[in-house]
$ cat target.pdb   # PDB, C-alpha atoms
MODEL        1
ATOM      1  CA  MET A   1     -61.566  14.662 -48.452
ATOM      2  CA  THR A   2     -57.841  14.307 -48.437
ATOM      3  CA  ILE A   3     -57.221  12.484 -51.729
ATOM      4  CA  THR A   4     -58.354  15.144 -54.192
ATOM      5  CA  ALA A   5     -56.132  18.023 -55.088
ATOM      6  CA  ASP A   6     -58.900  20.153 -56.570
ATOM      7  CA  ARG A   7     -62.164  20.864 -54.878
ATOM      8  CA  VAL A   8     -65.043  22.378 -56.843
ATOM      9  CA  ASP A   9     -67.847  23.942 -54.859
ATOM     10  CA  LEU A  10     -71.065  24.332 -56.817
ATOM     11  CA  THR A  11     -74.123  26.483 -56.285
ATOM     12  CA  ASP A  12     -77.513  24.825 -56.856
ATOM     13  CA  HIS A  13     -77.736  26.780 -60.101
ATOM     14  CA  ASP A  14     -74.366  25.392 -61.318
ATOM     15  CA  ALA A  15     -75.504  21.897 -60.399
ATOM     16  CA  GLU A  16     -78.700  22.317 -62.425
ATOM     17  CA  LEU A  17     -76.651  23.486 -65.446
ATOM     18  CA  LEU A  18     -74.328  20.483 -65.137
ATOM     19  CA  ALA A  19     -77.264  18.096 -64.900
ATOM     20  CA  GLN A  20     -78.685  19.652 -68.076
ATOM     21  CA  ALA A  21     -75.333  19.415 -69.874
ATOM     22  CA  SER A  22     -74.973  15.776 -68.882
ATOM     23  CA  ARG A  23     -78.496  15.030 -70.131
ATOM     24  CA  LEU A  24     -77.861  16.804 -73.450
ATOM     25  CA  MET A  25     -74.600  14.910 -73.934
ATOM     26  CA  SER A  26     -76.117  11.498 -73.389
ATOM     27  CA  GLU A  27     -79.037  12.414 -75.662
ATOM     28  CA  ALA A  28     -76.587  13.442 -78.393
ATOM     29  CA  LEU A  29     -74.717  10.164 -77.938
ATOM     30  CA  ASP A  30     -77.914   8.117 -78.146
ATOM     31  CA  HIS A  31     -78.852   9.799 -81.391
ATOM     32  CA  PRO A  32     -78.019   7.310 -84.172
ATOM     33  CA  GLN A  33     -77.121  10.098 -86.629
ATOM     34  CA  ALA A  34     -74.645  11.781 -84.292
ATOM     35  CA  LEU A  35     -71.407  10.803 -85.925
ATOM     36  CA  ARG A  36     -69.409  13.862 -84.897
ATOM     37  CA  ILE A  37     -69.822  15.752 -81.671
ATOM     38  CA  ALA A  38     -68.055  19.013 -80.899
ATOM     39  CA  LEU A  39     -67.877  21.670 -78.214
ATOM     40  CA  VAL A  40     -68.181  25.078 -79.844
ATOM     41  CA  GLU A  41     -67.105  28.397 -78.381
ATOM     42  CA  GLN A  42     -69.212  31.237 -79.742
ATOM     43  CA  GLU A  43     -68.661  34.989 -80.070
ATOM     44  CA  ALA A  44     -71.346  37.350 -78.768
ATOM     45  CA  ASP A  45     -72.797  37.597 -82.319
ATOM     46  CA  GLY A  46     -73.146  33.815 -82.538
ATOM     47  CA  SER A  47     -70.215  33.226 -84.882
ATOM     48  CA  GLU A  48     -67.832  30.417 -84.111
ATOM     49  CA  ARG A  49     -64.577  31.210 -82.309
ATOM     50  CA  ALA A  50     -63.281  27.723 -81.617
ATOM     51  CA  ARG A  51     -64.402  24.146 -82.147
ATOM     52  CA  LEU A  52     -63.293  21.137 -80.172
ATOM     53  CA  GLU A  53     -64.126  17.746 -81.642
ATOM     54  CA  VAL A  54     -64.788  15.223 -78.872
ATOM     55  CA  PRO A  55     -64.531  11.479 -79.452
ATOM     56  CA  PRO A  56     -67.925   9.971 -78.461
ATOM     57  CA  GLU A  57     -66.384   7.618 -75.873
ATOM     58  CA  SER A  58     -64.692  10.504 -74.037
ATOM     59  CA  LEU A  59     -67.928  12.428 -74.134
ATOM     60  CA  ARG A  60     -69.756   9.544 -72.507
ATOM     61  CA  LEU A  61     -67.270   9.595 -69.623
ATOM     62  CA  LEU A  62     -67.479  13.379 -69.399
ATOM     63  CA  SER A  63     -71.248  13.136 -69.235
ATOM     64  CA  GLN A  64     -71.007  10.694 -66.313
ATOM     65  CA  ILE A  65     -68.611  12.993 -64.467
ATOM     66  CA  LEU A  66     -70.919  15.981 -64.951
ATOM     67  CA  ALA A  67     -73.859  13.928 -63.657
ATOM     68  CA  LEU A  68     -71.862  13.044 -60.517
ATOM     69  CA  MET A  69     -70.870  16.683 -60.027
ATOM     70  CA  ALA A  70     -74.498  17.726 -60.462
ATOM     71  CA  ARG A  71     -75.423  15.529 -57.489
ATOM     72  CA  GLN A  72     -73.055  17.720 -55.442
ATOM     73  CA  GLN A  73     -71.382  14.658 -53.983
ATOM     74  CA  THR A  74     -67.705  14.281 -53.259
ATOM     75  CA  PHE A  75     -66.032  11.725 -55.486
ATOM     76  CA  VAL A  76     -62.538  10.741 -56.549
ATOM     77  CA  LEU A  77     -61.214   9.976 -60.002
ATOM     78  CA  TYR A  78     -58.136   7.833 -59.712
ATOM     79  CA  PRO A  79     -55.630   6.071 -61.949
ATOM     80  CA  GLU A  80     -55.959   2.311 -61.419
ATOM     81  CA  SER A  81     -52.452   2.105 -60.025
ATOM     82  CA  SER A  82     -52.857   4.855 -57.408
ATOM     83  CA  GLU A  83     -51.495   4.114 -53.981
ATOM     84  CA  LEU A  84     -53.251   5.214 -50.838
ATOM     85  CA  THR A  85     -52.093   5.843 -47.310
ATOM     86  CA  THR A  86     -53.902   3.873 -44.601
ATOM     87  CA  LYS A  87     -55.812   7.030 -43.664
ATOM     88  CA  GLN A  88     -57.095   7.449 -47.216
ATOM     89  CA  ALA A  89     -57.955   3.763 -47.612
ATOM     90  CA  ALA A  90     -59.890   3.839 -44.317
ATOM     91  CA  GLU A  91     -61.796   6.845 -45.628
ATOM     92  CA  VAL A  92     -62.680   5.093 -48.905
ATOM     93  CA  LEU A  93     -64.014   2.097 -46.962
ATOM     94  CA  GLY A  94     -65.759   4.162 -44.283
ATOM     95  CA  VAL A  95     -63.895   2.426 -41.458
ATOM     96  CA  SER A  96     -61.479   3.623 -38.787
ATOM     97  CA  ARG A  97     -57.733   3.493 -39.374
ATOM     98  CA  PRO A  98     -57.109   0.923 -36.599
ATOM     99  CA  PHE A  99     -59.771  -1.325 -38.159
ATOM    100  CA  LEU A 100     -58.106  -1.018 -41.572
ATOM    101  CA  ILE A 101     -54.709  -1.896 -40.075
ATOM    102  CA  ARG A 102     -56.235  -5.081 -38.625
ATOM    103  CA  VAL A 103     -57.621  -5.940 -42.078
ATOM    104  CA  LEU A 104     -54.144  -5.406 -43.598
ATOM    105  CA  GLU A 105     -52.429  -7.494 -40.941
ATOM    106  CA  ALA A 106     -54.963 -10.291 -41.429
ATOM    107  CA  GLY A 107     -53.771 -10.355 -45.051
ATOM    108  CA  GLU A 108     -57.148  -9.408 -46.510
ATOM    109  CA  ILE A 109     -55.760  -6.480 -48.513
ATOM    110  CA  PRO A 110     -52.200  -6.590 -49.940
ATOM    111  CA  TYR A 111     -49.946  -3.712 -48.911
ATOM    112  CA  ARG A 112     -46.332  -2.664 -49.166
ATOM    113  CA  LYS A 113     -44.199  -0.765 -46.734
ATOM    114  CA  VAL A 114     -42.544   2.540 -47.501
ATOM    115  CA  GLY A 115     -40.210   2.987 -44.564
ATOM    116  CA  ARG A 116     -42.496   2.663 -41.545
ATOM    117  CA  HIS A 117     -45.657   3.480 -43.491
ATOM    118  CA  ARG A 118     -48.056   1.132 -45.239
ATOM    119  CA  ARG A 119     -49.347   1.788 -48.743
ATOM    120  CA  VAL A 120     -52.251   0.033 -50.462
ATOM    121  CA  LEU A 121     -53.462   0.079 -54.051
ATOM    122  CA  MET A 122     -56.828   1.678 -54.764
ATOM    123  CA  LYS A 123     -57.852  -1.303 -56.863
ATOM    124  CA  ASP A 124     -57.127  -3.708 -53.968
ATOM    125  CA  VAL A 125     -59.144  -1.527 -51.600
ATOM    126  CA  LEU A 126     -62.085  -1.536 -54.021
ATOM    127  CA  ARG A 127     -61.801  -5.295 -54.519
ATOM    128  CA  TYR A 128     -62.007  -5.766 -50.725
ATOM    129  CA  LYS A 129     -65.014  -3.459 -50.640
ATOM    130  CA  GLN A 130     -66.741  -5.522 -53.331
ATOM    131  CA  THR A 131     -65.952  -8.795 -51.520
ATOM    132  CA  THR A 132     -67.345  -7.563 -48.210
ATOM    133  CA  HIS A 133     -70.414  -6.263 -50.038
ATOM    134  CA  VAL A 134     -71.133  -9.697 -51.554
ATOM    135  CA  LYS A 135     -70.494 -11.376 -48.189
ATOM    136  CA  ARG A 136     -72.810  -8.942 -46.431
ATOM    137  CA  GLU A 137     -75.614  -9.529 -48.960
ATOM    138  CA  ALA A 138     -75.374 -13.287 -48.339
ATOM    139  CA  GLU A 139     -75.430 -12.721 -44.556
ATOM    140  CA  MET A 140     -78.453 -10.465 -44.910
ATOM    141  CA  ASP A 141     -80.305 -13.201 -46.840
ATOM    142  CA  GLU A 142     -79.352 -15.692 -44.136
ATOM    143  CA  LEU A 143     -80.603 -13.339 -41.404
ATOM    144  CA  VAL A 144     -83.951 -12.922 -43.189
ATOM    145  CA  LYS A 145     -84.247 -16.697 -43.563
ATOM    146  CA  ILE A 146     -83.602 -17.291 -39.860
ATOM    147  CA  SER A 147     -86.061 -14.542 -38.931
ATOM    148  CA  GLU A 148     -88.727 -16.130 -41.140
ATOM    149  CA  GLU A 149     -88.195 -19.481 -39.460
ATOM    150  CA  MET A 150     -88.495 -17.834 -36.050
ATOM    151  CA  GLY A 151     -91.716 -16.155 -37.146
ATOM    152  CA  GLY A 152     -90.071 -12.746 -36.827
ATOM    153  CA  TYR A 153     -92.284 -11.261 -39.554
ATOM    154  CA  ASP A 154     -95.584 -12.402 -38.042
ATOM    155  CA  LEU A 155     -97.342  -9.342 -36.737
TER     156      LEU A 155
ATOM    157  CA  MET B   1     -65.208   6.842 -59.402
ATOM    158  CA  VAL B   2     -65.718   6.494 -55.669
ATOM    159  CA  PRO B   3     -68.367   8.436 -53.756
ATOM    160  CA  LEU B   4     -67.053   9.538 -50.374
ATOM    161  CA  ASP B   5     -69.734  11.460 -48.512
ATOM    162  CA  GLY B   6     -71.037   8.555 -46.392
ATOM    163  CA  PHE B   7     -72.008   9.412 -42.834
ATOM    164  CA  THR B   8     -72.150   6.975 -39.946
ATOM    165  CA  VAL B   9     -75.240   5.839 -38.084
ATOM    166  CA  VAL B  10     -75.143   3.918 -34.786
ATOM    167  CA  LEU B  11     -77.869   1.288 -34.677
ATOM    168  CA  ASP B  12     -78.985   0.583 -31.117
ATOM    169  CA  ALA B  13     -80.673  -2.642 -30.014
ATOM    170  CA  CYS B  14     -84.096  -0.970 -30.249
ATOM    171  CA  ALA B  15     -83.448  -0.348 -33.974
ATOM    172  CA  LEU B  16     -82.049  -3.849 -34.561
ATOM    173  CA  PHE B  17     -84.739  -5.784 -32.689
ATOM    174  CA  PRO B  18     -87.920  -5.091 -34.732
ATOM    175  CA  THR B  19     -87.370  -7.357 -37.763
ATOM    176  CA  LEU B  20     -88.716  -5.025 -40.456
ATOM    177  CA  VAL B  21     -87.027  -1.892 -39.116
ATOM    178  CA  ARG B  22     -83.745  -3.817 -38.928
ATOM    179  CA  ASP B  23     -84.102  -5.159 -42.488
ATOM    180  CA  VAL B  24     -84.875  -1.710 -43.919
ATOM    181  CA  LEU B  25     -81.961  -0.036 -42.089
ATOM    182  CA  LEU B  26     -79.463  -2.770 -42.994
ATOM    183  CA  THR B  27     -80.613  -2.793 -46.617
ATOM    184  CA  LEU B  28     -80.134   0.975 -46.874
ATOM    185  CA  ALA B  29     -76.691   0.627 -45.278
ATOM    186  CA  GLY B  30     -75.901  -2.147 -47.769
ATOM    187  CA  HIS B  31     -76.640   0.278 -50.610
ATOM    188  CA  GLU B  32     -74.250   2.800 -49.011
ATOM    189  CA  PHE B  33     -76.832   5.353 -47.957
ATOM    190  CA  PHE B  34     -74.853   5.443 -44.715
ATOM    191  CA  ASN B  35     -72.291   3.440 -42.728
ATOM    192  CA  SER B  36     -73.931   1.375 -40.016
ATOM    193  CA  LYS B  37     -72.173   0.654 -36.737
ATOM    194  CA  TRP B  38     -73.030  -1.121 -33.525
ATOM    195  CA  SER B  39     -71.033  -2.330 -30.563
ATOM    196  CA  ALA B  40     -70.569  -5.713 -28.923
ATOM    197  CA  ARG B  41     -72.775  -4.428 -26.073
ATOM    198  CA  VAL B  42     -75.590  -3.522 -28.495
ATOM    199  CA  LEU B  43     -75.288  -6.971 -30.048
ATOM    200  CA  ALA B  44     -75.442  -8.626 -26.607
ATOM    201  CA  GLU B  45     -78.596  -6.665 -25.769
ATOM    202  CA  TRP B  46     -80.114  -7.647 -29.123
ATOM    203  CA  THR B  47     -79.347 -11.327 -28.458
ATOM    204  CA  ARG B  48     -80.904 -11.064 -24.983
ATOM    205  CA  LEU B  49     -84.079  -9.553 -26.494
ATOM    206  CA  LEU B  50     -84.343 -12.453 -28.952
ATOM    207  CA  GLU B  51     -84.412 -15.043 -26.186
TER     208      GLU B  51
ENDMDL
END
$ encode --input "target.pdb" --output "structure tokens"
Amino acid sequence: MTITADRVDLTDHDAELLAQASRLMSEALDHPQALRIALVEQEADGSERARLEVPPESLRLLSQILALMARQQTFVLYPESSELTTKQAAEVLGVSRPFLIRVLEAGEIPYRKVGRHRRVLMKDVLRYKQTTHVKREAEMDELVKISEEMGGYDL
Amino acid sequence: MVPLDGFTVVLDACALFPTLVRDVLLTLAGHEFFNSKWSARVLAEWTRLLE
């Protein structure tokens, strides 16, 4: 992946630990009495060295990130305003760069030009992805309907 | 957060022709288990099989 600056490679054991941590966090958050949640660093003898109070909302996000990491999948966290190159946008959509360029030139995703290069906003790319997803679902339903009429499911 | 590990699967006419197989594969692709691709030639063969 070309977008991320940091790449974390996990062993299966690490992934299991992260999955556990994520589970514990969401359990703590679901607990109605959990008003304050903290990360505590302990000395070898069990005494407290440092305490980090975490706002529950941040912890919820952190828990989601840990769960994603535990699945050992590649993912990207991005600021809403991030700009992508055409190569990166094509990668996010799972299409080739020439195909993406055609989509841009058809005006389906807004872009701006930096010199000779095109830049697109991550949020526009994701909006396009969502639109095509909805369109595809409708087409799939249509295909099933036509197949039914043709008796395509009769065995 | 955007997952990015999708791989690509080419669906040939023999995978697109049987209705149930096609529906299962396209549904999985729709849920981003993989990217599905086919060519104009595959589509032409599929259309010919339907006739």
$ resolve_selection --input "target.pdb" --expression "the PyMOL selection byres ((chain A) within 7 of (chain B))" --output "PyMOL selection string"
chain A and resi 73-77+92+94+152-153
$ atom_distance --input "target.pdb" --atom1 "CA of Leu18 (chain A)" --atom2 "CA of Met69 (chain A)"
7.2 Å
$ atom_distance --input "target.pdb" --atom1 "CA of Ile109 (chain A)" --atom2 "CA of Ala138 (chain A)"
20.8 Å
$ resolve_selection --input "target.pdb" --expression "the PyMOL selection byres ((chain A and resi 93) around 9)" --output "list in words"
Gln88, Ala89, Ala90, Glu91, Val92, Gly94, Val95, Ser96, Leu100, Val125, Leu126, Tyr128 and Lys129 of chain A; Leu4 of chain B
$ write_last_selection --input "target.pdb" --atoms "C-alpha atoms" --output "mmCIF file, keeping the file's coordinate frame"
data_model
loop_
_atom_site.group_PDB
_atom_site.id
_atom_site.type_symbol
_atom_site.label_atom_id
_atom_site.label_comp_id
_atom_site.auth_asym_id
_atom_site.auth_seq_id
_atom_site.Cartn_x
_atom_site.Cartn_y
_atom_site.Cartn_z
ATOM 1 C CA GLN A 88 -57.095 7.449 -47.216
ATOM 2 C CA ALA A 89 -57.955 3.763 -47.612
ATOM 3 C CA ALA A 90 -59.890 3.839 -44.317
ATOM 4 C CA GLU A 91 -61.796 6.845 -45.628
ATOM 5 C CA VAL A 92 -62.680 5.093 -48.905
ATOM 6 C CA GLY A 94 -65.759 4.162 -44.283
ATOM 7 C CA VAL A 95 -63.895 2.426 -41.458
ATOM 8 C CA SER A 96 -61.479 3.623 -38.787
ATOM 9 C CA LEU A 100 -58.106 -1.018 -41.572
ATOM 10 C CA VAL A 125 -59.144 -1.527 -51.600
ATOM 11 C CA LEU A 126 -62.085 -1.536 -54.021
ATOM 12 C CA TYR A 128 -62.007 -5.766 -50.725
ATOM 13 C CA LYS A 129 -65.014 -3.459 -50.640
ATOM 14 C CA LEU B 4 -67.053 9.538 -50.374
#
$ resolve_selection --input "target.pdb" --expression "the PyMOL selection byres ((chain A and resi 19) around 12)" --output "ChimeraX atom specification"
/A:10,12-18,20-26,62-72
$ axis_aligned_box --input "target.pdb" --around "region 29-34 of chain B" --padding-each-side "5 Å" --output "lines of an AutoDock Vina configuration file"
center_x = -75.5
center_y = 1.6
center_z = -47.7
size_x = 12.6
size_y = 17.6
size_z = 15.9
$ atom_distance --input "target.pdb" --atom1 "CA of Glu139 (chain A)" --atom2 "CA of Gly107 (chain A)"
21.8 Å
$ closest_residue --input "target.pdb" --among "B:Leu28, B:Leu49, B:Phe33, B:Leu43" --to "Asp12 (chain B)" --atoms "only C-alpha atoms"
B:Leu43
